[in-house]
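Participant: Structure: coords08.cif, mmCIF, C-alpha atoms.
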data_target
#
loop_
_atom_site.group_PDB
_atom_site.id
_atom_site.type_symbol
_atom_site.label_atom_id
_atom_site.label_comp_id
_atom_site.auth_asym_id
_atom_site.auth_seq_id
_atom_site.Cartn_x
_atom_site.Cartn_y
_atom_site.Cartn_z
ATOM 1 C CA MET A 1 88.246 111.407 99.423
ATOM 2 C CA ASP A 2 89.150 114.732 97.897
ATOM 3 C CA ARG A 3 88.493 115.293 94.252
ATOM 4 C CA ILE A 4 91.454 116.949 92.629
ATOM 5 C CA LEU A 5 91.017 119.356 89.762
ATOM 6 C CA CYS A 6 93.951 120.482 87.706
ATOM 7 C CA ILE A 7 92.868 123.604 85.846
ATOM 8 C CA VAL A 8 95.199 124.464 82.990
ATOM 9 C CA SER A 9 95.381 127.954 81.510
ATOM 10 C CA ARG A 10 94.237 128.312 77.906
ATOM 11 C CA GLN A 11 97.657 129.739 77.172
ATOM 12 C CA HIS A 12 99.192 126.297 77.709
ATOM 13 C CA PRO A 13 97.429 123.792 75.434
ATOM 14 C CA GLU A 14 100.490 121.549 75.275
ATOM 15 C CA LEU A 15 100.505 121.147 79.042
ATOM 16 C CA PHE A 16 96.776 120.474 79.033
ATOM 17 C CA ALA A 17 97.102 117.735 76.408
ATOM 18 C CA TYR A 18 99.949 116.039 78.244
ATOM 19 C CA LEU A 19 98.348 116.126 81.689
ATOM 20 C CA GLN A 20 95.011 114.959 80.328
ATOM 21 C CA HIS A 21 96.681 111.960 78.734
ATOM 22 C CA ARG A 22 98.876 111.201 81.738
ATOM 23 C CA PHE A 23 96.111 111.387 84.362
ATOM 24 C CA LYS A 24 93.241 110.029 82.314
ATOM 25 C CA ASP A 25 92.740 106.966 84.545
ATOM 26 C CA SER A 26 93.310 108.639 87.884
ATOM 27 C CA MET A 27 91.486 110.631 90.550
ATOM 28 C CA VAL A 28 92.856 113.831 89.034
ATOM 29 C CA SER A 29 90.541 115.631 86.611
ATOM 30 C CA VAL A 30 92.428 117.780 84.159
ATOM 31 C CA ILE A 31 90.348 120.558 82.638
ATOM 32 C CA LEU A 32 91.077 123.560 80.464
ATOM 33 C CA ASP A 33 90.170 126.913 81.976
ATOM 34 C CA ARG A 34 87.031 127.936 80.118
ATOM 35 C CA ARG A 35 86.193 130.975 82.149
ATOM 36 C CA MET A 36 86.207 134.368 80.536
ATOM 37 C CA THR A 37 87.776 137.499 81.849
ATOM 38 C CA ALA A 38 85.729 139.524 84.322
ATOM 39 C CA ARG A 39 84.975 142.304 81.836
ATOM 40 C CA ARG A 40 83.795 139.952 79.107
ATOM 41 C CA ARG A 41 81.765 138.072 81.644
ATOM 42 C CA ARG A 42 80.015 141.237 82.797
ATOM 43 C CA GLU A 43 79.015 142.037 79.251
ATOM 44 C CA ILE A 44 77.486 138.677 78.585
ATOM 45 C CA VAL A 45 75.835 137.836 81.865
ATOM 46 C CA ALA A 46 72.586 139.738 81.756
ATOM 47 C CA ASP A 47 69.868 138.313 83.890
ATOM 48 C CA ALA A 48 69.937 137.492 87.597
ATOM 49 C CA GLU A 49 69.811 133.753 87.158
ATOM 50 C CA GLU A 50 72.870 133.755 85.002
ATOM 51 C CA ARG A 51 74.617 136.020 87.478
ATOM 52 C CA ARG A 52 73.985 133.580 90.299
ATOM 53 C CA ARG A 53 75.390 130.745 88.200
ATOM 54 C CA ASP A 54 78.372 132.874 87.432
ATOM 55 C CA GLU A 55 78.997 133.543 91.129
ATOM 56 C CA ARG A 56 79.191 129.837 91.791
ATOM 57 C CA ARG A 57 81.889 129.412 89.202
ATOM 58 C CA ARG A 58 83.902 132.413 90.235
ATOM 59 C CA ARG A 59 87.016 131.625 92.231
ATOM 60 C CA PRO A 60 89.073 134.802 92.541
ATOM 61 C CA ASP A 61 92.063 132.899 93.923
ATOM 62 C CA VAL A 62 92.061 130.543 90.949
ATOM 63 C CA ASP A 63 91.685 133.440 88.539
ATOM 64 C CA ALA A 64 94.651 135.196 90.097
ATOM 65 C CA ASP A 65 96.781 132.049 90.094
ATOM 66 C CA LEU A 66 96.026 131.340 86.446
ATOM 67 C CA LEU A 67 97.251 134.798 85.538
ATOM 68 C CA HIS A 68 100.715 133.881 86.787
ATOM 69 C CA HIS A 69 100.867 130.114 86.462
ATOM 70 C CA SER A 70 100.256 127.616 83.724
ATOM 71 C CA HIS A 71 97.963 125.561 85.933
ATOM 72 C CA VAL A 72 96.286 125.495 89.319
ATOM 73 C CA ILE A 73 95.466 122.564 91.579
ATOM 74 C CA VAL A 74 92.070 122.741 93.302
ATOM 75 C CA ARG A 75 90.983 120.228 95.924
ATOM 76 C CA LEU A 76 87.265 119.728 96.354
ATOM 77 C CA PRO A 77 86.727 117.931 99.663
ATOM 78 C CA GLY A 78 84.261 115.179 100.225
ATOM 79 C CA LEU A 79 83.278 114.397 96.640
ATOM 80 C CA MET B 1 172.624 112.985 117.836
ATOM 81 C CA ILE B 2 169.554 114.272 116.075
ATOM 82 C CA LEU B 3 167.863 117.352 117.334
ATOM 83 C CA GLU B 4 164.223 117.890 116.475
ATOM 84 C CA ARG B 5 162.944 121.366 116.807
ATOM 85 C CA GLU B 6 159.300 121.698 117.557
ATOM 86 C CA ARG B 7 157.726 124.142 115.163
ATOM 87 C CA ALA B 8 154.511 126.002 115.888
ATOM 88 C CA THR B 9 151.712 125.141 113.477
ATOM 89 C CA GLN B 10 150.543 128.150 111.519
ATOM 90 C CA PRO B 11 146.819 128.713 110.896
ATOM 91 C CA VAL B 12 147.533 128.758 107.181
ATOM 92 C CA GLU B 13 148.973 125.263 107.392
ATOM 93 C CA VAL B 14 145.914 124.052 109.268
ATOM 94 C CA LEU B 15 143.643 125.546 106.625
ATOM 95 C CA ASP B 16 145.752 124.015 103.882
ATOM 96 C CA ARG B 17 145.547 120.628 105.560
ATOM 97 C CA VAL B 18 141.771 120.952 106.018
ATOM 98 C CA LEU B 19 141.206 121.890 102.396
ATOM 99 C CA ASP B 20 143.554 119.138 101.230
ATOM 100 C CA LYS B 21 142.125 116.335 103.362
ATOM 101 C CA GLY B 22 138.671 117.697 104.113
ATOM 102 C CA ILE B 23 136.525 117.517 107.219
ATOM 103 C CA VAL B 24 133.124 115.912 107.551
ATOM 104 C CA ILE B 25 130.871 116.927 110.433
ATOM 105 C CA ASP B 26 128.013 114.505 110.864
ATOM 106 C CA ALA B 27 125.433 115.761 113.353
ATOM 107 C CA TRP B 28 122.142 114.302 114.422
ATOM 108 C CA LEU B 29 119.725 115.926 116.835
ATOM 109 C CA ARG B 30 116.321 114.851 118.024
ATOM 110 C CA VAL B 31 114.037 116.642 120.463
ATOM 111 C CA SER B 32 111.015 114.695 121.606
ATOM 112 C CA LEU B 33 108.297 115.271 124.147
ATOM 113 C CA GLY B 34 106.201 112.419 125.428
ATOM 114 C CA GLY B 35 107.478 110.134 122.701
ATOM 115 C CA ILE B 36 106.522 112.551 119.926
ATOM 116 C CA ASP B 37 109.307 113.910 117.801
ATOM 117 C CA LEU B 38 109.140 117.693 117.862
ATOM 118 C CA LEU B 39 112.390 118.377 116.070
ATOM 119 C CA ARG B 40 114.823 116.246 114.165
ATOM 120 C CA VAL B 41 117.935 117.571 112.479
ATOM 121 C CA ASP B 42 120.257 115.548 110.281
ATOM 122 C CA ALA B 43 123.220 117.581 109.177
ATOM 123 C CA ARG B 44 126.304 116.686 107.219
ATOM 124 C CA VAL B 45 128.790 119.470 106.669
ATOM 125 C CA VAL B 46 131.759 118.947 104.399
ATOM 126 C CA VAL B 47 134.652 121.402 104.443
ATOM 127 C CA ALA B 48 137.174 120.815 101.684
ATOM 128 C CA SER B 49 138.568 122.313 98.523
ATOM 129 C CA ILE B 50 136.468 121.759 95.406
ATOM 130 C CA GLU B 51 139.108 119.416 94.006
ATOM 131 C CA THR B 52 139.157 117.309 97.168
ATOM 132 C CA TYR B 53 135.390 117.294 97.429
ATOM 133 C CA LEU B 54 134.927 116.102 93.873
ATOM 134 C CA LYS B 55 137.600 113.447 94.416
ATOM 135 C CA TYR B 56 135.910 112.014 97.512
ATOM 136 C CA THR B 57 132.308 112.964 96.859
ATOM 137 C CA GLU B 58 131.166 109.361 96.495
ATOM 138 C CA ALA B 59 132.712 108.483 99.857
ATOM 139 C CA VAL B 60 131.256 111.360 101.866
ATOM 140 C CA SER B 61 127.785 111.351 100.360
ATOM 141 C CA PRO B 62 125.054 109.583 102.285
ATOM 142 C CA PRO B 63 124.218 106.031 101.210
ATOM 143 C CA GLU B 64 121.534 105.601 98.592
ATOM 144 C CA PRO B 65 118.193 106.049 100.299
ATOM 145 C CA THR B 66 115.778 103.191 100.323
ATOM 146 C CA GLU B 67 112.042 103.525 100.719
ATOM 147 C CA ALA B 68 112.425 102.735 104.399
ATOM 148 C CA SER B 69 115.138 105.340 104.945
ATOM 149 C CA LEU B 70 113.229 108.208 103.403
ATOM 150 C CA PRO B 71 112.039 110.713 106.001
ATOM 151 C CA SER B 72 108.729 109.771 107.472
ATOM 152 C CA ALA B 73 105.790 112.136 107.500
ATOM 153 C CA ALA B 74 105.469 114.393 110.503
ATOM 154 C CA PRO B 75 102.669 113.753 112.985
ATOM 155 C CA PRO B 76 99.400 115.258 111.678
ATOM 156 C CA ALA B 77 99.351 117.929 114.370
ATOM 157 C CA LEU B 78 102.761 119.192 113.316
ATOM 158 C CA ARG B 79 102.160 119.287 109.583
ATOM 159 C CA ILE B 80 102.572 122.610 107.889
ATOM 160 C CA ALA B 81 102.235 123.842 104.317
ATOM 161 C CA PRO B 82 98.603 122.805 103.812
ATOM 162 C CA ARG B 83 98.820 123.292 100.043
ATOM 163 C CA ARG B 84 101.144 120.292 99.889
ATOM 164 C CA ARG B 85 98.965 117.958 101.921
ATOM 165 C CA MET B 86 97.933 114.539 100.771
ATOM 166 C CA ALA B 87 94.269 113.815 100.450
ATOM 167 C CA PRO B 88 92.954 111.484 103.152
ATOM 168 C CA GLY B 89 92.470 107.889 102.115
ATOM 169 C CA VAL B 90 95.034 107.919 99.347
ATOM 170 C CA HIS B 91 96.774 104.724 98.303
ATOM 171 C CA PRO B 92 100.073 103.965 100.102
ATOM 172 C CA ALA B 93 101.830 103.956 96.721
ATOM 173 C CA ALA B 94 100.780 107.566 96.269
ATOM 174 C CA VAL B 95 102.223 108.467 99.678
ATOM 175 C CA GLY B 96 105.529 106.870 98.692
ATOM 176 C CA ALA B 97 105.464 108.685 95.354
ATOM 177 C CA ALA B 98 104.814 112.019 97.063
ATOM 178 C CA ARG B 99 107.686 111.425 99.484
ATOM 179 C CA LEU B 100 109.987 110.660 96.582
ATOM 180 C CA ALA B 101 108.895 113.843 94.833
ATOM 181 C CA HIS B 102 109.603 115.907 97.973
ATOM 182 C CA ALA B 103 112.976 114.187 98.385
ATOM 183 C CA ALA B 104 113.843 115.029 94.775
ATOM 184 C CA ILE B 105 113.018 118.707 95.303
ATOM 185 C CA ARG B 106 115.061 118.737 98.519
ATOM 186 C CA ALA B 107 118.000 117.268 96.605
ATOM 187 C CA TRP B 108 117.694 119.981 93.942
ATOM 188 C CA ASN B 109 117.464 122.782 96.480
ATOM 189 C CA GLY B 110 120.314 121.258 98.481
ATOM 190 C CA ARG B 111 122.598 120.962 95.423
ATOM 191 C CA ASP B 112 122.777 117.244 96.235
ATOM 192 C CA ILE B 113 123.618 115.794 92.842
ATOM 193 C CA HIS B 114 124.533 112.381 94.213
ATOM 194 C CA GLY B 115 121.433 112.267 96.403
ATOM 195 C CA TYR B 116 119.182 113.163 93.483
ATOM 196 C CA GLY B 117 120.729 110.461 91.329
ATOM 197 C CA ALA B 118 120.142 107.940 94.085
ATOM 198 C CA LEU B 119 116.406 108.630 93.887
ATOM 199 C CA LEU B 120 116.329 107.689 90.208
ATOM 200 C CA ASN B 121 115.647 104.269 88.772
ATOM 201 C CA ASP B 122 118.401 102.485 86.841
ATOM 202 C CA ASP B 123 116.531 103.065 83.584
ATOM 203 C CA TYR B 124 115.396 106.587 84.398
ATOM 204 C CA VAL B 125 114.142 108.685 81.474
ATOM 205 C CA GLY B 126 113.904 112.470 81.676
ATOM 206 C CA GLU B 127 112.018 114.616 79.162
ATOM 207 C CA THR B 128 110.878 118.201 78.801
ATOM 208 C CA HIS B 129 108.314 119.909 76.633
ATOM 209 C CA ALA B 130 110.876 122.382 75.351
ATOM 210 C CA VAL B 131 113.518 120.337 73.594
ATOM 211 C CA PRO B 132 113.525 116.868 71.984
ATOM 212 C CA ILE B 133 116.542 115.807 74.047
ATOM 213 C CA THR B 134 115.893 112.893 76.366
ATOM 214 C CA LEU B 135 118.030 111.994 79.359
ATOM 215 C CA TYR B 136 118.672 108.290 79.825
ATOM 216 C CA GLY B 137 119.970 106.997 83.140
ATOM 217 C CA ARG B 138 121.327 108.484 86.377
ATOM 218 C CA GLY B 139 124.584 109.634 84.852
ATOM 219 C CA ALA B 140 122.883 111.807 82.262
ATOM 220 C CA ALA B 141 120.538 113.226 84.892
ATOM 221 C CA ARG B 142 123.455 114.098 87.191
ATOM 222 C CA ARG B 143 125.385 115.738 84.370
ATOM 223 C CA ALA B 144 122.367 117.823 83.397
ATOM 224 C CA MET B 145 121.849 118.819 87.028
ATOM 225 C CA ARG B 146 125.512 119.798 87.402
ATOM 226 C CA MET B 147 125.319 121.903 84.226
ATOM 227 C CA LYS B 148 122.205 123.716 85.459
ATOM 228 C CA PHE B 149 123.951 124.604 88.709
ATOM 229 C CA ALA B 150 126.910 125.894 86.735
ATOM 230 C CA LEU B 151 124.574 128.164 84.783
ATOM 231 C CA PHE B 152 122.349 129.090 87.716
ATOM 232 C CA PRO B 153 124.292 128.667 90.968
ATOM 233 C CA ASP B 154 121.376 129.837 93.100
ATOM 234 C CA LEU B 155 118.633 127.908 91.322
ATOM 235 C CA LYS B 156 115.841 127.221 93.792
ATOM 236 C CA PHE B 157 112.493 125.504 93.513
ATOM 237 C CA ASP B 158 109.567 126.611 95.646
ATOM 238 C CA VAL B 159 107.000 123.837 95.658
ATOM 239 C CA HIS B 160 103.420 125.057 95.476
ATOM 240 C CA ASP B 161 101.663 121.723 95.367
ATOM 241 C CA VAL B 162 102.247 118.001 95.120
ATOM 242 C CA VAL B 163 99.587 115.686 93.779
ATOM 243 C CA ALA B 164 100.177 111.950 93.914
ATOM 244 C CA THR B 165 97.878 109.315 92.547
ATOM 245 C CA GLY B 166 99.115 105.764 92.299
ATOM 246 C CA ASP B 167 102.613 105.901 90.883
ATOM 247 C CA GLU B 168 102.084 109.267 89.215
ATOM 248 C CA THR B 169 103.012 112.622 90.732
ATOM 249 C CA LEU B 170 102.463 116.203 89.689
ATOM 250 C CA VAL B 171 104.750 118.715 91.383
ATOM 251 C CA SER B 172 103.886 122.375 90.783
ATOM 252 C CA TRP B 173 106.776 124.728 91.413
ATOM 253 C CA VAL B 174 108.178 128.189 90.907
ATOM 254 C CA ALA B 175 111.882 128.338 90.144
ATOM 255 C CA THR B 176 114.022 131.396 90.788
ATOM 256 C CA ALA B 177 117.628 131.922 89.781
ATOM 257 C CA THR B 178 120.238 134.461 88.816
ATOM 258 C CA THR B 179 121.799 134.257 85.383
ATOM 259 C CA ARG B 180 125.503 134.707 84.769
ATOM 260 C CA GLY B 181 124.526 138.168 83.545
ATOM 261 C CA HIS B 182 123.285 138.871 87.108
ATOM 262 C CA GLU B 183 119.645 139.003 86.079
ATOM 263 C CA ARG B 184 116.977 137.442 88.239
ATOM 264 C CA VAL B 185 114.657 135.043 86.463
ATOM 265 C CA ARG B 186 111.497 133.482 87.779
ATOM 266 C CA VAL B 187 109.576 130.755 86.044
ATOM 267 C CA SER B 188 106.622 128.610 87.067
ATOM 268 C CA GLY B 189 106.132 125.088 85.883
ATOM 269 C CA CYS B 190 105.559 121.517 86.894
ATOM 270 C CA THR B 191 107.169 118.113 86.817
ATOM 271 C CA VAL B 192 105.129 115.003 86.119
ATOM 272 C CA GLY B 193 106.809 111.939 87.563
ATOM 273 C CA ARG B 194 106.242 108.220 87.378
ATOM 274 C CA MET B 195 107.624 105.923 90.062
ATOM 275 C CA ARG B 196 108.949 102.448 89.397
ATOM 276 C CA GLY B 197 110.275 100.068 92.023
ATOM 277 C CA GLY B 198 110.259 102.702 94.733
ATOM 278 C CA LYS B 199 112.290 105.148 92.659
ATOM 279 C CA ILE B 200 111.702 107.798 90.030
ATOM 280 C CA GLY B 201 111.466 106.126 86.650
ATOM 281 C CA HIS B 202 110.325 108.969 84.423
ATOM 282 C CA THR B 203 109.937 112.730 84.601
ATOM 283 C CA TRP B 204 108.438 115.223 82.194
ATOM 284 C CA CYS B 205 109.163 118.828 82.916
ATOM 285 C CA TYR B 206 107.135 121.820 81.750
ATOM 286 C CA TRP B 207 107.684 125.510 82.366
ATOM 287 C CA ASP B 208 106.280 128.764 81.085
ATOM 288 C CA ALA B 209 108.928 129.757 78.553
ATOM 289 C CA ARG B 210 107.316 133.152 77.933
ATOM 290 C CA GLU B 211 107.503 133.987 81.625
ATOM 291 C CA MET B 212 111.167 133.047 81.714
ATOM 292 C CA LEU B 213 111.997 134.905 78.528
ATOM 293 C CA ALA B 214 110.226 138.116 79.446
ATOM 294 C CA PRO B 215 112.944 139.771 81.558
ATOM 295 C CA LEU B 216 115.697 138.544 79.246
ATOM 296 C CA ARG B 217 114.134 139.211 75.876
ATOM 297 C CA ALA B 218 115.487 142.714 75.704
ATOM 298 C CA ARG B 219 119.034 141.535 76.209
ATOM 299 C CA SER B 220 120.635 139.409 73.551
ATOM 300 C CA HIS B 221 123.142 137.681 75.815
ATOM 301 C CA GLY B 222 120.353 135.941 77.692
ATOM 302 C CA SER B 223 119.300 133.820 74.762
ATOM 303 C CA HIS B 224 122.477 131.734 74.847
ATOM 304 C CA THR B 225 121.978 130.911 78.510
ATOM 305 C CA LEU B 226 118.368 129.925 77.950
ATOM 306 C CA HIS B 227 119.321 127.660 75.081
ATOM 307 C CA CYS B 228 121.841 125.891 77.294
ATOM 308 C CA VAL B 229 119.273 125.382 80.032
ATOM 309 C CA ALA B 230 116.696 124.039 77.620
ATOM 310 C CA ALA B 231 119.202 121.624 76.121
ATOM 311 C CA THR B 232 120.139 120.193 79.503
ATOM 312 C CA SER B 233 116.750 120.009 81.173
#
Represent the structure of the file as structure tokens.
Facilitator:
Amino acid sequence: MDRILCIVSRQHPELFAYLQHRFKDSMVSVILDRRMTARRRREIVADAEERRRDERRRRPDVDADLLHHSHVIVRLPGL
Amino acid sequence: MILERERATQPVEVLDRVLDKGIVIDAWLRVSLGGIDLLRVDARVVVASIETYLKYTEAVSPPEPTEASLPSAAPPALRIAPRRRMAPGVHPAAVGAARLAHAAIRAWNGRDIHGYGALLNDDYVGETHAVPITLYGRGAARRAMRMKFALFPDLKFDVHDVVATGDETLVSWVATATTRGHERVRVSGCTVGRMRGGKIGHTWCYWDAREMLAPLRARSHGSHTLHCVAATS
């Protein structure tokens, strides 16, 4: 069964609070977007190990969607 | 002796009669191949004056849909719009909730005020994040819907995703419309719904107010329209 992530932009804390409360007992995980902007990330990530970890977290499509939408739905298959 | 003179019917008289009485064209088309439905079209076209339509709208609208009468899912091979798919193995209640959510969006995009009301539970409650005004019951929901269409005649929702889990749904959408000041507005948001007894019992609507305000902020006349929309959502 797919795991469903609802990533809410940090610009919309009210939406995050409501969705987290509403879907607290469901298969939908509501999380606040904690990722930094690309520039800030480049400044902080220094060594190779951290860069690899960063690559795993990077989802350009999600980043782009969160620039224009309050939230993004991500389906992670098979978890 | 009474003489009756046959008078040719003028096109204007025919049009007048049509607008006065109204015409309903009910069409149904199904194309199947090997027992698999490839295409199904249900169309109901009403031609009448606005006054006549409003007078007989209850009579010409389709009957209230039941769970069984809601459109069934297309065969897997024919499904499109992968972003709206249901996860495999989901509970049947979630499938029903997702179908209700899709039917509600179709009603909004089809300006089907009666049809939308029919999807709502008797004790429906509608809320938004923006204003502390709560809608109670179908009547209030229909009035709010009618008012939105009066403000934004071309209001349209483009559904980006539907998540259903149990009786809860999350519909992510982008709405576009033209204000009465002929300005295009675009706003993204979502509607969280809760189903009860096979119908929509509760909705909570959220949209990005900053995104909606951006193109209108420079013009003062837009603020009145936005206030009206917020108060009726």
Participant: If we count all atoms listed in the file, what is near A:Ser26 at a cut-off of 9 Å, once residues fewer than 3 positions away on the same chain are taken out, given as a ChimeraX atom specification?
Facilitator: /A:22-23,29 /B:165-166,168
Participant: Would you give me, as a tab-separated table, each residue of chain A having an atom within 7 Å of an atom of chain B, along with its shortest atom pair and that distance in Å to one decimal, using all atoms listed in the file and sorting by chain and residue number?
Facilitator:
residue	atom	partner	partner_atom	distance
A:Met1	CA	B:Pro88	CA	6.0
A:Asp2	CA	B:Ala87	CA	5.8
A:Ser26	CA	B:Thr165	CA	6.6
A:Met27	CA	B:Thr165	CA	6.8
A:His69	CA	B:Ser188	CA	6.0
A:Ser70	CA	B:Asp208	CA	6.7
Participant: Which value, in Å to one decimal, gives the distance between atom CA of B:Gly181 and atom CA of B:Pro132?
Facilitator: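 Between atom CA of B:Gly181 and atom CA of B:Pro132 the gap is 26.6 Å.
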Participant: Could you tell me which residues the PyMOL selection byres ((chain A and resi 71-75) around 8) returns for this structure, as a PyMOL selection string?
Facilitator: (chain A and resi 2-9+62+65-66+69-70+76-77) or (chain B and resi 161)
Participant: Can you list, as a VMD selection string, every protein, DNA or RNA residue that comes within 10 Å of B:Tyr116 when you count only C-alpha atoms, leaving out same-chain residues fewer than 3 positions away?
Facilitator: chain B and resid 64 to 65 103 to 108 110 to 113 119 to 120 138 141 to 142 145 200
Participant: Take atom CA of A:Arg10 and atom CA of A:Val30 and report the distance between them in Å, one decimal.
Facilitator: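 One can read the atom CA of A:Arg10 to atom CA of A:Val30 distance as 12.4 Å.
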Participant: Take stretch 174-194 of chain B, model N, CA and C atoms, and hand the result over as a PDB file, in the coordinates of the input.
Facilitator:
ATOM      1  N   VAL B 174     107.682 126.931  91.472  1.00  0.00           N
ATOM      2  CA  VAL B 174     108.178 128.189  90.907  1.00  0.00           C
ATOM      3  C   VAL B 174     109.685 128.192  91.121  1.00  0.00           C
ATOM      4  N   ALA B 175     110.423 128.334  90.049  1.00  0.00           N
ATOM      5  CA  ALA B 175     111.882 128.338  90.144  1.00  0.00           C
ATOM      6  C   ALA B 175     112.392 129.770  90.034  1.00  0.00           C
ATOM      7  N   THR B 176     113.368 130.087  90.874  1.00  0.00           N
ATOM      8  CA  THR B 176     114.022 131.396  90.788  1.00  0.00           C
ATOM      9  C   THR B 176     115.527 131.164  90.685  1.00  0.00           C
ATOM     10  N   ALA B 177     116.188 132.073  89.962  1.00  0.00           N
ATOM     11  CA  ALA B 177     117.628 131.922  89.781  1.00  0.00           C
ATOM     12  C   ALA B 177     118.205 133.235  89.289  1.00  0.00           C
ATOM     13  N   THR B 178     119.518 133.315  89.359  1.00  0.00           N
ATOM     14  CA  THR B 178     120.238 134.461  88.816  1.00  0.00           C
ATOM     15  C   THR B 178     121.101 133.977  87.668  1.00  0.00           C
ATOM     16  N   THR B 179     120.992 134.657  86.531  1.00  0.00           N
ATOM     17  CA  THR B 179     121.799 134.257  85.383  1.00  0.00           C
ATOM     18  C   THR B 179     123.239 134.732  85.576  1.00  0.00           C
ATOM     19  N   ARG B 180     124.112 134.251  84.682  1.00  0.00           N
ATOM     20  CA  ARG B 180     125.503 134.707  84.769  1.00  0.00           C
ATOM     21  C   ARG B 180     125.623 136.196  84.433  1.00  0.00           C
ATOM     22  N   GLY B 181     124.552 136.728  83.803  1.00  0.00           N
ATOM     23  CA  GLY B 181     124.526 138.168  83.545  1.00  0.00           C
ATOM     24  C   GLY B 181     123.920 138.946  84.696  1.00  0.00           C
ATOM     25  N   HIS B 182     123.783 138.267  85.869  1.00  0.00           N
ATOM     26  CA  HIS B 182     123.285 138.871  87.108  1.00  0.00           C
ATOM     27  C   HIS B 182     121.845 139.342  86.988  1.00  0.00           C
ATOM     28  N   GLU B 183     121.058 138.663  86.176  1.00  0.00           N
ATOM     29  CA  GLU B 183     119.645 139.003  86.079  1.00  0.00           C
ATOM     30  C   GLU B 183     118.832 137.929  86.785  1.00  0.00           C
ATOM     31  N   ARG B 184     117.835 138.383  87.543  1.00  0.00           N
ATOM     32  CA  ARG B 184     116.977 137.442  88.239  1.00  0.00           C
ATOM     33  C   ARG B 184     115.916 136.924  87.284  1.00  0.00           C
ATOM     34  N   VAL B 185     115.725 135.624  87.265  1.00  0.00           N
ATOM     35  CA  VAL B 185     114.657 135.043  86.463  1.00  0.00           C
ATOM     36  C   VAL B 185     113.749 134.239  87.378  1.00  0.00           C
ATOM     37  N   ARG B 186     112.498 134.224  87.014  1.00  0.00           N
ATOM     38  CA  ARG B 186     111.497 133.482  87.779  1.00  0.00           C
ATOM     39  C   ARG B 186     110.612 132.761  86.773  1.00  0.00           C
ATOM     40  N   VAL B 187     110.404 131.505  86.989  1.00  0.00           N
ATOM     41  CA  VAL B 187     109.576 130.755  86.044  1.00  0.00           C
ATOM     42  C   VAL B 187     108.748 129.733  86.816  1.00  0.00           C
ATOM     43  N   SER B 188     107.476 129.618  86.433  1.00  0.00           N
ATOM     44  CA  SER B 188     106.622 128.610  87.067  1.00  0.00           C
ATOM     45  C   SER B 188     106.472 127.437  86.128  1.00  0.00           C
ATOM     46  N   GLY B 189     106.277 126.291  86.700  1.00  0.00           N
ATOM     47  CA  GLY B 189     106.132 125.088  85.883  1.00  0.00           C
ATOM     48  C   GLY B 189     105.735 123.903  86.725  1.00  0.00           C
ATOM     49  N   CYS B 190     105.906 122.731  86.164  1.00  0.00           N
ATOM     50  CA  CYS B 190     105.559 121.517  86.894  1.00  0.00           C
ATOM     51  C   CYS B 190     106.394 120.348  86.379  1.00  0.00           C
ATOM     52  N   THR B 191     106.486 119.352  87.201  1.00  0.00           N
ATOM     53  CA  THR B 191     107.169 118.113  86.817  1.00  0.00           C
ATOM     54  C   THR B 191     106.219 116.951  87.051  1.00  0.00           C
ATOM     55  N   VAL B 192     105.966 116.198  86.012  1.00  0.00           N
ATOM     56  CA  VAL B 192     105.129 115.003  86.119  1.00  0.00           C
ATOM     57  C   VAL B 192     106.072 113.817  86.248  1.00  0.00           C
ATOM     58  N   GLY B 193     105.910 113.066  87.324  1.00  0.00           N
ATOM     59  CA  GLY B 193     106.809 111.939  87.563  1.00  0.00           C
ATOM     60  C   GLY B 193     106.078 110.618  87.610  1.00  0.00           C
ATOM     61  N   ARG B 194     106.802 109.578  87.258  1.00  0.00           N
ATOM     62  CA  ARG B 194     106.242 108.220  87.378  1.00  0.00           C
ATOM     63  C   ARG B 194     107.245 107.383  88.158  1.00  0.00           C
TER      64      ARG B 194
END
